[in-house]
Amino acid sequence: MSMDLSVPETWRVKGPLYRLEAARCKTCGRIHYPPMPACPYCGSRDLERVTLPSEGVLESYSVVYAVPEGSRHKAPVLLGLVRLGRVRVVAEITDADPSELRTGMEVEAVLRRIRSDREAGIIRYGVMFRPKLKGGSRGG
Amino acid sequence: MARRVAIIGTGHSKFGVRNDVNIAELAYESIRQAIDEAGIEPGEIDFAFVSNVGGWSSEPLPAVVALEYAGLTGVGTMRVEAACSSGSAAIKAGYDAIKSGEADIVLVLGVEKMNESPTPTVVEFIGRAGNYFWEFQNFGLTFPGYYALYATAYMAKYGATEEDLCKVAVKNHYYASLNPKAQFPRKITVEHCMQSRYIAWPLKLFDCSPITDGSAAVILASEEVAKKVTDSPVWIKAIGTASGTSNLSRRTDFTHLEAARKAAAMAYKKAGIDPENPVKYIDVAEVHDCFTIAEIMAYEDLGFAKPGEGYKLIREEQTYIGGLIPVNLSGGLKAKGHPLGATGISMAVDLSRQLLGRVEKGRQAPIKNGVALAHNIGGTGHYAYVTIYSLDKPREA
């Protein structure tokens, strides 16, 4: 299926997608990612933008072989449930071999191209996670 | 005054790839059976709830199309949608209509024709049960991927294996082999399943329910009508409902579905079933095994097993007939097939027939308490319905 990425929508989500921007509720302390203008738990509208930590822990993962049309060339796609402090993010895992994924492993955020909308459409960038580099020795 | 509600007629089409019929013809196969069984005139139906997720078929809004073909034009109707639990949602709508006194006889129809779109389109569309624009478009989360995250977390925490998951598929294929309405009425082995290709690791092809065309229907009636037309009504004893977060990342735990637990607690409370020991009250259950891990989590969410011990039930064959509690004797979503809008109603049809001792030899559960349970989930615990059916009239309406 074609993506038809919406230009206004891409613009609206650039904060959370590029910079892991979330919203912290100043009343109850909960953090919402993607950010929200009001807290759905306590009802407060007093929220502030915060940036999530860029390093976290892989809590669960999958290696997706049946990839939707348009992204077939990327198969298999590594999918991770990543805990960043008090918040979880579901995101692609990159720069990793499926066999090295483990629950509990440390990962770090990187900015990557996530989708492009056919030939003339827009290209969307966003956060993916990779196994945490140890002393910058990792190649590639 | 609230009133009691009974199933007085059931209908079920053959599930599978049904290119031989259009959606109205497919629906009619179940409508006709249900009306015949109920022994009512079509003109007596007060309202028709049509469960259909749609989007992939040539008739995305099929309520009036199906009704006209069945000669029911003129009856008030609507399409009901709650993702893969649409069927149970439609039953709830029909139950509420009768219970409140707004209707005496209701047709609840579920119909889905999923094979009119290519598989990738269907899989992508099912994934929209969650927060599609955020998690799929930006992060590549597919529907099998959702459940795979649960499977990985469950296996890592409790030590269940891919073989354990496959044993669920083996059981459900075994019972499907005895159900002529099933899409895959044939047995498989653990080796078959283990050798099938990965869809989303650790889930393989044989861990996944198929894409299915099919229909199912029930006629619901008030106690007053049921008394007149049948001596074997199946009562809707209780319905429990709940929902979960749309964003998967907002869940706090990935080894159970919180919405299913909540819906079960609500249903057990209403039905007077001890949540600590529900298997003592229930003869047979149909649970939402869209993926094998989902059936294992269902055992725990319904209280058939303690948290972390659901996989042991299947490992020890406790959910076969003769075990602790037989589950998915129809073949389940896995092997009977999963035509989304029809699934919850298919559960109601099969459980009604189980309670009345009417299903095929070899897959008939012993009926002692006269109580059956349907667990129907939409998305990945985004919607949850737990419905209790019984032969005994509920004490309270």
# chains A, B, ... in the order shown; residues from 1 in each chain; ligands from 1
call {"tool": "interface_residues", "arguments": {"of": "chain A", "to": "chain B", "cutoff": "7 Å", "atoms": "only C-alpha atoms", "output": "PyMOL selection string"}}
result
chain A and resi 1+60-66+68-69+88-92+114
call {"tool": "write_last_selection", "arguments": {"atoms": "C-alpha atoms", "output": "PDB file, in the first residue's frame"}}
result
ATOM      1  CA  MET A   1       0.000   0.000   0.000  1.00  0.00           C
ATOM      2  CA  SER A  60      10.876  -7.048  24.283  1.00  0.00           C
ATOM      3  CA  TYR A  61      11.453  -7.474  20.569  1.00  0.00           C
ATOM      4  CA  SER A  62      10.422  -9.240  17.415  1.00  0.00           C
ATOM      5  CA  VAL A  63      11.983  -9.928  14.066  1.00  0.00           C
ATOM      6  CA  VAL A  64       9.259  -9.162  11.547  1.00  0.00           C
ATOM      7  CA  TYR A  65       9.605 -11.100   8.307  1.00  0.00           C
ATOM      8  CA  ALA A  66       6.138 -10.401   6.899  1.00  0.00           C
ATOM      9  CA  PRO A  68       4.010  -4.521   4.643  1.00  0.00           C
ATOM     10  CA  GLU A  69       4.279  -3.662   0.981  1.00  0.00           C
ATOM     11  CA  ARG A  88       8.235   2.991  26.821  1.00  0.00           C
ATOM     12  CA  VAL A  89       8.680   3.471  23.097  1.00  0.00           C
ATOM     13  CA  VAL A  90       7.981   0.983  20.346  1.00  0.00           C
ATOM     14  CA  ALA A  91      10.532   1.489  17.583  1.00  0.00           C
ATOM     15  CA  GLU A  92      12.674  -0.165  14.986  1.00  0.00           C
ATOM     16  CA  ILE A 114      12.073   5.705   8.365  1.00  0.00           C
TER      17      ILE A 114
END
call {"tool": "residues_around", "arguments": {"residues": "B:Glu37", "least_positions_apart": "5", "cutoff": "10 Å", "atoms": "only C-alpha atoms", "output": "list of chain:residue names"}}
result
B:Ile8, B:Gly9, B:Thr10, B:Gly11, B:Ile31, B:Arg32, B:Val218, B:Ile219, B:Val229, B:Thr230
call {"tool": "atom_distance", "arguments": {"atom1": "atom CA of A:Arg12", "atom2": "atom CA of A:Arg130"}}
result
25.2 Å
call {"tool": "atom_distance", "arguments": {"atom1": "atom CA of B:Val75", "atom2": "atom CA of B:Phe49"}}
result
10.1 Å
call {"tool": "residues_around", "arguments": {"residues": "B:Val108", "least_positions_apart": "2", "cutoff": "12 Å", "atoms": "only C-alpha atoms", "output": "JSON, numbers by chain"}}
result
{"B": [7, 8, 9, 10, 11, 12, 27, 30, 31, 34, 35, 45, 46, 47, 48, 49, 50, 51, 52, 63, 66, 67, 77, 78, 79, 80, 86, 87, 88, 89, 90, 91, 92, 93, 94, 95, 97, 98, 105, 106, 110, 111, 215, 216, 217, 218, 219, 220, 221, 341, 342, 344, 345, 346, 348, 349]}
call {"tool": "atom_distance", "arguments": {"atom1": "atom CA of A:Cys28", "atom2": "atom CA of A:Pro16"}}
result
21.0 Å
call {"tool": "residues_around", "arguments": {"residues": "A:Met105", "least_positions_apart": "3", "cutoff": "12 Å", "atoms": "only C-alpha atoms", "output": "list of chain:residue names"}}
result
A:Glu55, A:Gly56, A:Val57, A:Leu58, A:Glu59, A:Ser60, A:Tyr61, A:Gly80, A:Leu81, A:Val82, A:Arg83, A:Ile93, A:Ala96, A:Glu100, A:Leu101, A:Arg102, A:Glu108, A:Phe129, A:Arg130, A:Pro131, A:Lys132, A:Leu133
call {"tool": "select_by_dssp", "arguments": {"residues": "stretch 21-209 of chain B", "states": "helix (DSSP H, G or I)", "output": "JSON list (two decimals) with N, CA and C atoms, in the first residue's frame"}}
result
[["chain", "number", "residue", "atom", "x", "y", "z"],
["B", 23, "ILE", "N", -20.92, -11.28, -0.52],
["B", 23, "ILE", "CA", -21.05, -11.09, 0.94],
["B", 23, "ILE", "C", -22.48, -11.31, 1.42],
["B", 24, "ALA", "N", -23.46, -10.94, 0.58],
["B", 24, "ALA", "CA", -24.87, -11.11, 0.98],
["B", 24, "ALA", "C", -25.24, -12.59, 1.00],
["B", 25, "GLU", "N", -24.75, -13.31, 0.00],
["B", 25, "GLU", "CA", -25.02, -14.76, -0.03],
["B", 25, "GLU", "C", -24.36, -15.46, 1.15],
["B", 26, "LEU", "N", -23.15, -15.01, 1.47],
["B", 26, "LEU", "CA", -22.43, -15.59, 2.60],
["B", 26, "LEU", "C", -23.20, -15.32, 3.90],
["B", 27, "ALA", "N", -23.69, -14.12, 4.05],
["B", 27, "ALA", "CA", -24.46, -13.75, 5.25],
["B", 27, "ALA", "C", -25.73, -14.58, 5.33],
["B", 28, "TYR", "N", -26.37, -14.78, 4.19],
["B", 28, "TYR", "CA", -27.66, -15.48, 4.17],
["B", 28, "TYR", "C", -27.54, -16.92, 4.64],
["B", 29, "GLU", "N", -26.40, -17.54, 4.39],
["B", 29, "GLU", "CA", -26.20, -18.92, 4.84],
["B", 29, "GLU", "C", -26.44, -19.03, 6.35],
["B", 30, "SER", "N", -25.99, -18.03, 7.09],
["B", 30, "SER", "CA", -26.16, -18.05, 8.55],
["B", 30, "SER", "C", -27.53, -17.53, 8.97],
["B", 31, "ILE", "N", -27.99, -16.47, 8.29],
["B", 31, "ILE", "CA", -29.29, -15.88, 8.65],
["B", 31, "ILE", "C", -30.39, -16.93, 8.51],
["B", 32, "ARG", "N", -30.38, -17.65, 7.39],
["B", 32, "ARG", "CA", -31.44, -18.63, 7.12],
["B", 32, "ARG", "C", -31.47, -19.71, 8.21],
["B", 33, "GLN", "N", -30.28, -20.26, 8.49],
["B", 33, "GLN", "CA", -30.19, -21.29, 9.54],
["B", 33, "GLN", "C", -30.71, -20.77, 10.87],
["B", 34, "ALA", "N", -30.31, -19.57, 11.23],
["B", 34, "ALA", "CA", -30.67, -19.02, 12.55],
["B", 34, "ALA", "C", -32.18, -18.79, 12.65],
["B", 35, "ILE", "N", -32.76, -18.26, 11.59],
["B", 35, "ILE", "CA", -34.21, -18.00, 11.60],
["B", 35, "ILE", "C", -34.97, -19.33, 11.62],
["B", 36, "ASP", "N", -34.51, -20.30, 10.82],
["B", 36, "ASP", "CA", -35.15, -21.63, 10.81],
["B", 36, "ASP", "C", -35.11, -22.27, 12.20],
["B", 37, "GLU", "N", -33.91, -22.22, 12.80],
["B", 37, "GLU", "CA", -33.77, -22.83, 14.13],
["B", 37, "GLU", "C", -34.68, -22.16, 15.15],
["B", 38, "ALA", "N", -34.76, -20.84, 15.05],
["B", 38, "ALA", "CA", -35.56, -20.10, 16.03],
["B", 38, "ALA", "C", -37.05, -20.37, 15.83],
["B", 42, "PRO", "N", -39.43, -14.03, 9.63],
["B", 42, "PRO", "CA", -38.50, -12.92, 9.47],
["B", 42, "PRO", "C", -39.12, -11.57, 9.86],
["B", 43, "GLY", "N", -40.41, -11.43, 9.61],
["B", 43, "GLY", "CA", -41.10, -10.17, 9.92],
["B", 43, "GLY", "C", -41.18, -9.86, 11.40],
["B", 44, "GLU", "N", -40.90, -10.86, 12.24],
["B", 44, "GLU", "CA", -40.97, -10.62, 13.69],
["B", 44, "GLU", "C", -39.70, -9.98, 14.25],
["B", 63, "ALA", "N", -24.52, -3.79, 5.83],
["B", 63, "ALA", "CA", -25.71, -4.14, 6.62],
["B", 63, "ALA", "C", -26.95, -4.26, 5.73],
["B", 64, "VAL", "N", -27.28, -3.20, 4.99],
["B", 64, "VAL", "CA", -28.52, -3.26, 4.19],
["B", 64, "VAL", "C", -28.40, -4.22, 3.02],
["B", 65, "VAL", "N", -27.18, -4.40, 2.51],
["B", 65, "VAL", "CA", -26.97, -5.34, 1.40],
["B", 65, "VAL", "C", -27.34, -6.75, 1.85],
["B", 66, "ALA", "N", -26.85, -7.12, 3.02],
["B", 66, "ALA", "CA", -27.13, -8.47, 3.55],
["B", 66, "ALA", "C", -28.61, -8.62, 3.89],
["B", 67, "LEU", "N", -29.20, -7.58, 4.47],
["B", 67, "LEU", "CA", -30.61, -7.67, 4.89],
["B", 67, "LEU", "C", -31.53, -7.76, 3.68],
["B", 68, "GLU", "N", -31.25, -6.96, 2.65],
["B", 68, "GLU", "CA", -32.13, -6.99, 1.47],
["B", 68, "GLU", "C", -32.12, -8.38, 0.85],
["B", 69, "TYR", "N", -30.93, -8.97, 0.73],
["B", 69, "TYR", "CA", -30.81, -10.29, 0.13],
["B", 69, "TYR", "C", -31.59, -11.32, 0.93],
["B", 86, "SER", "N", -15.72, -7.38, 17.20],
["B", 86, "SER", "CA", -16.97, -6.78, 16.73],
["B", 86, "SER", "C", -18.16, -7.68, 16.98],
["B", 87, "GLY", "N", -17.99, -8.98, 16.78],
["B", 87, "GLY", "CA", -19.09, -9.93, 16.93],
["B", 87, "GLY", "C", -19.66, -9.91, 18.34],
["B", 88, "SER", "N", -18.76, -9.91, 19.33],
["B", 88, "SER", "CA", -19.23, -9.88, 20.71],
["B", 88, "SER", "C", -19.84, -8.52, 21.04],
["B", 89, "ALA", "N", -19.32, -7.47, 20.41],
["B", 89, "ALA", "CA", -19.89, -6.13, 20.62],
["B", 89, "ALA", "C", -21.32, -6.09, 20.08],
["B", 90, "ALA", "N", -21.54, -6.74, 18.92],
["B", 90, "ALA", "CA", -22.89, -6.76, 18.32],
["B", 90, "ALA", "C", -23.84, -7.56, 19.20],
["B", 91, "ILE", "N", -23.33, -8.65, 19.79],
["B", 91, "ILE", "CA", -24.17, -9.43, 20.70],
["B", 91, "ILE", "C", -24.54, -8.58, 21.92],
["B", 92, "LYS", "N", -23.59, -7.82, 22.40],
["B", 92, "LYS", "CA", -23.89, -6.92, 23.54],
["B", 92, "LYS", "C", -24.95, -5.90, 23.15],
["B", 93, "ALA", "N", -24.83, -5.37, 21.95],
["B", 93, "ALA", "CA", -25.82, -4.38, 21.50],
["B", 93, "ALA", "C", -27.21, -5.02, 21.44],
["B", 94, "GLY", "N", -27.28, -6.24, 20.91],
["B", 94, "GLY", "CA", -28.57, -6.93, 20.82],
["B", 94, "GLY", "C", -29.11, -7.28, 22.20],
["B", 95, "TYR", "N", -28.20, -7.70, 23.07],
["B", 95, "TYR", "CA", -28.56, -8.04, 24.47],
["B", 95, "TYR", "C", -29.13, -6.81, 25.18],
["B", 96, "ASP", "N", -28.43, -5.70, 25.02],
["B", 96, "ASP", "CA", -28.90, -4.46, 25.68],
["B", 96, "ASP", "C", -30.27, -4.03, 25.15],
["B", 97, "ALA", "N", -30.48, -4.21, 23.84],
["B", 97, "ALA", "CA", -31.74, -3.78, 23.23],
["B", 97, "ALA", "C", -32.90, -4.59, 23.81],
["B", 98, "ILE", "N", -32.68, -5.88, 24.00],
["B", 98, "ILE", "CA", -33.76, -6.73, 24.52],
["B", 98, "ILE", "C", -33.91, -6.53, 26.03],
["B", 99, "LYS", "N", -32.79, -6.49, 26.70],
["B", 99, "LYS", "CA", -32.79, -6.33, 28.15],
["B", 99, "LYS", "C", -33.55, -5.07, 28.58],
["B", 114, "MET", "N", -12.82, -11.35, 3.70],
["B", 114, "MET", "CA", -11.49, -10.74, 3.77],
["B", 114, "MET", "C", -10.63, -11.06, 2.56],
["B", 115, "ASN", "N", -11.02, -12.10, 1.82],
["B", 115, "ASN", "CA", -10.17, -12.53, 0.70],
["B", 115, "ASN", "C", -10.36, -11.70, -0.56],
["B", 116, "GLU", "N", -11.18, -10.65, -0.46],
["B", 116, "GLU", "CA", -11.34, -9.78, -1.64],
["B", 116, "GLU", "C", -10.23, -8.74, -1.73],
["B", 119, "THR", "N", -3.48, -10.16, 0.80],
["B", 119, "THR", "CA", -3.08, -10.39, 2.20],
["B", 119, "THR", "C", -2.36, -9.21, 2.86],
["B", 120, "PRO", "N", -1.35, -8.59, 2.20],
["B", 120, "PRO", "CA", -0.65, -7.51, 2.91],
["B", 120, "PRO", "C", -1.57, -6.35, 3.28],
["B", 121, "THR", "N", -2.55, -6.07, 2.42],
["B", 121, "THR", "CA", -3.50, -5.00, 2.71],
["B", 121, "THR", "C", -4.32, -5.35, 3.95],
["B", 122, "VAL", "N", -4.74, -6.62, 4.00],
["B", 122, "VAL", "CA", -5.55, -7.07, 5.13],
["B", 122, "VAL", "C", -4.74, -7.00, 6.42],
["B", 123, "VAL", "N", -3.51, -7.48, 6.36],
["B", 123, "VAL", "CA", -2.67, -7.49, 7.57],
["B", 123, "VAL", "C", -2.42, -6.06, 8.04],
["B", 124, "GLU", "N", -2.18, -5.17, 7.07],
["B", 124, "GLU", "CA", -1.93, -3.78, 7.45],
["B", 124, "GLU", "C", -3.18, -3.19, 8.08],
["B", 125, "PHE", "N", -4.34, -3.49, 7.49],
["B", 125, "PHE", "CA", -5.59, -2.92, 7.99],
["B", 125, "PHE", "C", -5.89, -3.41, 9.40],
["B", 126, "ILE", "N", -5.63, -4.69, 9.68],
["B", 126, "ILE", "CA", -5.89, -5.22, 11.02],
["B", 126, "ILE", "C", -5.01, -4.48, 12.04],
["B", 127, "GLY", "N", -3.79, -4.13, 11.59],
["B", 127, "GLY", "CA", -2.87, -3.41, 12.46],
["B", 127, "GLY", "C", -3.41, -2.06, 12.88],
["B", 132, "TYR", "N", -2.53, 3.34, 14.74],
["B", 132, "TYR", "CA", -1.87, 3.08, 13.48],
["B", 132, "TYR", "C", -0.94, 4.20, 13.05],
["B", 133, "PHE", "N", -1.47, 5.42, 13.05],
["B", 133, "PHE", "CA", -0.67, 6.50, 12.47],
["B", 133, "PHE", "C", 0.61, 6.74, 13.25],
["B", 134, "TRP", "N", 0.55, 6.49, 14.53],
["B", 134, "TRP", "CA", 1.77, 6.71, 15.31],
["B", 134, "TRP", "C", 2.69, 5.48, 15.25],
["B", 135, "GLU", "N", 2.18, 4.32, 15.62],
["B", 135, "GLU", "CA", 3.09, 3.20, 15.83],
["B", 135, "GLU", "C", 3.43, 2.42, 14.56],
["B", 136, "PHE", "N", 2.50, 2.35, 13.62],
["B", 136, "PHE", "CA", 2.81, 1.62, 12.39],
["B", 136, "PHE", "C", 3.56, 2.51, 11.41],
["B", 137, "GLN", "N", 3.00, 3.67, 11.16],
["B", 137, "GLN", "CA", 3.58, 4.52, 10.12],
["B", 137, "GLN", "C", 4.98, 4.99, 10.48],
["B", 138, "ASN", "N", 5.18, 5.30, 11.77],
["B", 138, "ASN", "CA", 6.48, 5.81, 12.17],
["B", 138, "ASN", "C", 7.45, 4.72, 12.58],
["B", 139, "PHE", "N", 6.90, 3.63, 13.13],
["B", 139, "PHE", "CA", 7.80, 2.66, 13.76],
["B", 139, "PHE", "C", 7.70, 1.26, 13.19],
["B", 143, "PHE", "N", 0.65, -6.03, 12.89],
["B", 143, "PHE", "CA", -0.21, -6.72, 13.85],
["B", 143, "PHE", "C", 0.46, -7.97, 14.44],
["B", 144, "PRO", "N", 1.04, -8.84, 13.61],
["B", 144, "PRO", "CA", 1.78, -9.96, 14.22],
["B", 144, "PRO", "C", 2.90, -9.44, 15.12],
["B", 145, "GLY", "N", 3.49, -8.30, 14.76],
["B", 145, "GLY", "CA", 4.55, -7.70, 15.56],
["B", 145, "GLY", "C", 4.06, -7.34, 16.96],
["B", 146, "TYR", "N", 2.83, -6.83, 17.06],
["B", 146, "TYR", "CA", 2.25, -6.49, 18.37],
["B", 146, "TYR", "C", 2.28, -7.72, 19.28],
["B", 147, "TYR", "N", 1.68, -8.82, 18.77],
["B", 147, "TYR", "CA", 1.60, -10.02, 19.61],
["B", 147, "TYR", "C", 2.96, -10.66, 19.81],
["B", 148, "ALA", "N", 3.87, -10.48, 18.84],
["B", 148, "ALA", "CA", 5.22, -11.02, 18.99],
["B", 148, "ALA", "C", 5.93, -10.36, 20.18],
["B", 149, "LEU", "N", 5.70, -9.06, 20.38],
["B", 149, "LEU", "CA", 6.32, -8.38, 21.53],
["B", 149, "LEU", "C", 5.83, -9.01, 22.85],
["B", 150, "TYR", "N", 4.54, -9.39, 22.86],
["B", 150, "TYR", "CA", 4.01, -10.07, 24.04],
["B", 150, "TYR", "C", 4.64, -11.46, 24.18],
["B", 151, "ALA", "N", 4.75, -12.17, 23.06],
["B", 151, "ALA", "CA", 5.30, -13.53, 23.11],
["B", 151, "ALA", "C", 6.73, -13.52, 23.62],
["B", 152, "THR", "N", 7.54, -12.59, 23.10],
["B", 152, "THR", "CA", 8.95, -12.50, 23.51],
["B", 152, "THR", "C", 9.05, -12.21, 25.00],
["B", 153, "ALA", "N", 8.25, -11.23, 25.45],
["B", 153, "ALA", "CA", 8.30, -10.85, 26.87],
["B", 153, "ALA", "C", 7.82, -12.01, 27.74],
["B", 154, "TYR", "N", 6.77, -12.69, 27.30],
["B", 154, "TYR", "CA", 6.22, -13.82, 28.08],
["B", 154, "TYR", "C", 7.23, -14.95, 28.18],
["B", 155, "MET", "N", 7.83, -15.30, 27.05],
["B", 155, "MET", "CA", 8.79, -16.40, 27.03],
["B", 155, "MET", "C", 10.01, -16.08, 27.89],
["B", 156, "ALA", "N", 10.47, -14.82, 27.80],
["B", 156, "ALA", "CA", 11.65, -14.41, 28.56],
["B", 156, "ALA", "C", 11.36, -14.45, 30.06],
["B", 157, "LYS", "N", 10.14, -14.06, 30.44],
["B", 157, "LYS", "CA", 9.82, -13.98, 31.87],
["B", 157, "LYS", "C", 9.51, -15.34, 32.48],
["B", 158, "TYR", "N", 8.80, -16.18, 31.73],
["B", 158, "TYR", "CA", 8.29, -17.42, 32.34],
["B", 158, "TYR", "C", 8.93, -18.71, 31.82],
["B", 162, "GLU", "N", 8.93, -21.94, 22.08],
["B", 162, "GLU", "CA", 8.19, -21.92, 20.82],
["B", 162, "GLU", "C", 7.39, -23.21, 20.64],
["B", 163, "GLU", "N", 7.89, -24.32, 21.17],
["B", 163, "GLU", "CA", 7.15, -25.59, 21.11],
["B", 163, "GLU", "C", 5.83, -25.48, 21.88],
["B", 164, "ASP", "N", 5.89, -24.80, 23.03],
["B", 164, "ASP", "CA", 4.65, -24.64, 23.81],
["B", 164, "ASP", "C", 3.61, -23.90, 22.99],
["B", 165, "LEU", "N", 4.06, -22.84, 22.30],
["B", 165, "LEU", "CA", 3.12, -22.07, 21.46],
["B", 165, "LEU", "C", 2.54, -22.99, 20.38],
["B", 166, "CYS", "N", 3.41, -23.79, 19.77],
["B", 166, "CYS", "CA", 2.95, -24.68, 18.70],
["B", 166, "CYS", "C", 1.93, -25.69, 19.21],
["B", 167, "LYS", "N", 2.04, -26.08, 20.48],
["B", 167, "LYS", "CA", 1.09, -27.06, 21.01],
["B", 167, "LYS", "C", -0.34, -26.52, 21.02],
["B", 168, "VAL", "N", -0.47, -25.22, 21.15],
["B", 168, "VAL", "CA", -1.81, -24.60, 21.05],
["B", 168, "VAL", "C", -2.36, -24.81, 19.64],
["B", 169, "ALA", "N", -1.50, -24.58, 18.64],
["B", 169, "ALA", "CA", -1.92, -24.75, 17.24],
["B", 169, "ALA", "C", -2.29, -26.21, 16.97],
["B", 170, "VAL", "N", -1.52, -27.13, 17.53],
["B", 170, "VAL", "CA", -1.78, -28.57, 17.32],
["B", 170, "VAL", "C", -3.16, -28.92, 17.88],
["B", 171, "LYS", "N", -3.45, -28.46, 19.10],
["B", 171, "LYS", "CA", -4.75, -28.74, 19.71],
["B", 171, "LYS", "C", -5.89, -28.17, 18.85],
["B", 172, "ASN", "N", -5.73, -26.93, 18.45],
["B", 172, "ASN", "CA", -6.84, -26.28, 17.75],
["B", 172, "ASN", "C", -7.05, -26.88, 16.36],
["B", 173, "HIS", "N", -5.97, -27.28, 15.71],
["B", 173, "HIS", "CA", -6.12, -27.98, 14.43],
["B", 173, "HIS", "C", -6.78, -29.35, 14.65],
["B", 174, "TYR", "N", -6.45, -29.99, 15.75],
["B", 174, "TYR", "CA", -7.05, -31.30, 16.04],
["B", 174, "TYR", "C", -8.58, -31.17, 16.11],
["B", 175, "TYR", "N", -9.04, -30.18, 16.89],
["B", 175, "TYR", "CA", -10.50, -30.04, 17.02],
["B", 175, "TYR", "C", -11.13, -29.52, 15.72],
["B", 176, "ALA", "N", -10.40, -28.70, 14.98],
["B", 176, "ALA", "CA", -10.92, -28.23, 13.69],
["B", 176, "ALA", "C", -11.13, -29.41, 12.74],
["B", 190, "VAL", "N", 3.53, -30.82, 16.05],
["B", 190, "VAL", "CA", 4.43, -29.77, 16.55],
["B", 190, "VAL", "C", 5.54, -29.51, 15.54],
["B", 191, "GLU", "N", 6.01, -30.60, 14.87],
["B", 191, "GLU", "CA", 7.10, -30.44, 13.88],
["B", 191, "GLU", "C", 6.64, -29.56, 12.70],
["B", 192, "HIS", "N", 5.42, -29.82, 12.21],
["B", 192, "HIS", "CA", 4.85, -28.97, 11.15],
["B", 192, "HIS", "C", 4.96, -27.50, 11.53],
["B", 193, "CYS", "N", 4.49, -27.25, 12.73],
["B", 193, "CYS", "CA", 4.41, -25.87, 13.21],
["B", 193, "CYS", "C", 5.81, -25.28, 13.38],
["B", 194, "MET", "N", 6.71, -26.04, 13.99],
["B", 194, "MET", "CA", 8.06, -25.54, 14.25],
["B", 194, "MET", "C", 8.82, -25.29, 12.95],
["B", 195, "GLN", "N", 8.47, -26.03, 11.91],
["B", 195, "GLN", "CA", 9.19, -25.86, 10.64],
["B", 195, "GLN", "C", 8.58, -24.77, 9.77],
["B", 205, "LEU", "N", 4.19, -19.06, 10.95],
["B", 205, "LEU", "CA", 2.94, -19.12, 10.19],
["B", 205, "LEU", "C", 1.86, -19.89, 10.94],
["B", 206, "PHE", "N", 2.24, -21.03, 11.53],
["B", 206, "PHE", "CA", 1.25, -21.86, 12.22],
["B", 206, "PHE", "C", 0.88, -21.35, 13.61],
["B", 207, "ASP", "N", 1.51, -20.25, 14.04],
["B", 207, "ASP", "CA", 1.07, -19.60, 15.27],
["B", 207, "ASP", "C", -0.02, -18.58, 14.98]]
call {"tool": "select_by_dssp", "arguments": {"residues": "stretch 58-288 of chain B", "states": "strand (DSSP E or B)", "output": "PyMOL selection string"}}
result
chain B and resi 76-80+82+84+105-113+198-201+203-204+208+213-222+234-243+284-286
call {"tool": "closest_residue", "arguments": {"among": "B:Thr319, B:Leu340, B:Thr380, B:Ala365", "to": "B:Phe291", "atoms": "only C-alpha atoms"}}
result
B:Thr380
call {"tool": "residues_around", "arguments": {"residues": "B:Arg261", "least_positions_apart": "5", "cutoff": "10 Å", "atoms": "only C-alpha atoms", "output": "ChimeraX atom specification"}}
result
/B:240-242,256,266-267,297-298,300-303,381,384-386
call {"tool": "closest_residue", "arguments": {"among": "B:Arg18, B:Arg395, B:Lys280, B:His288", "to": "B:Ser85", "atoms": "only C-alpha atoms"}}
result
B:His288
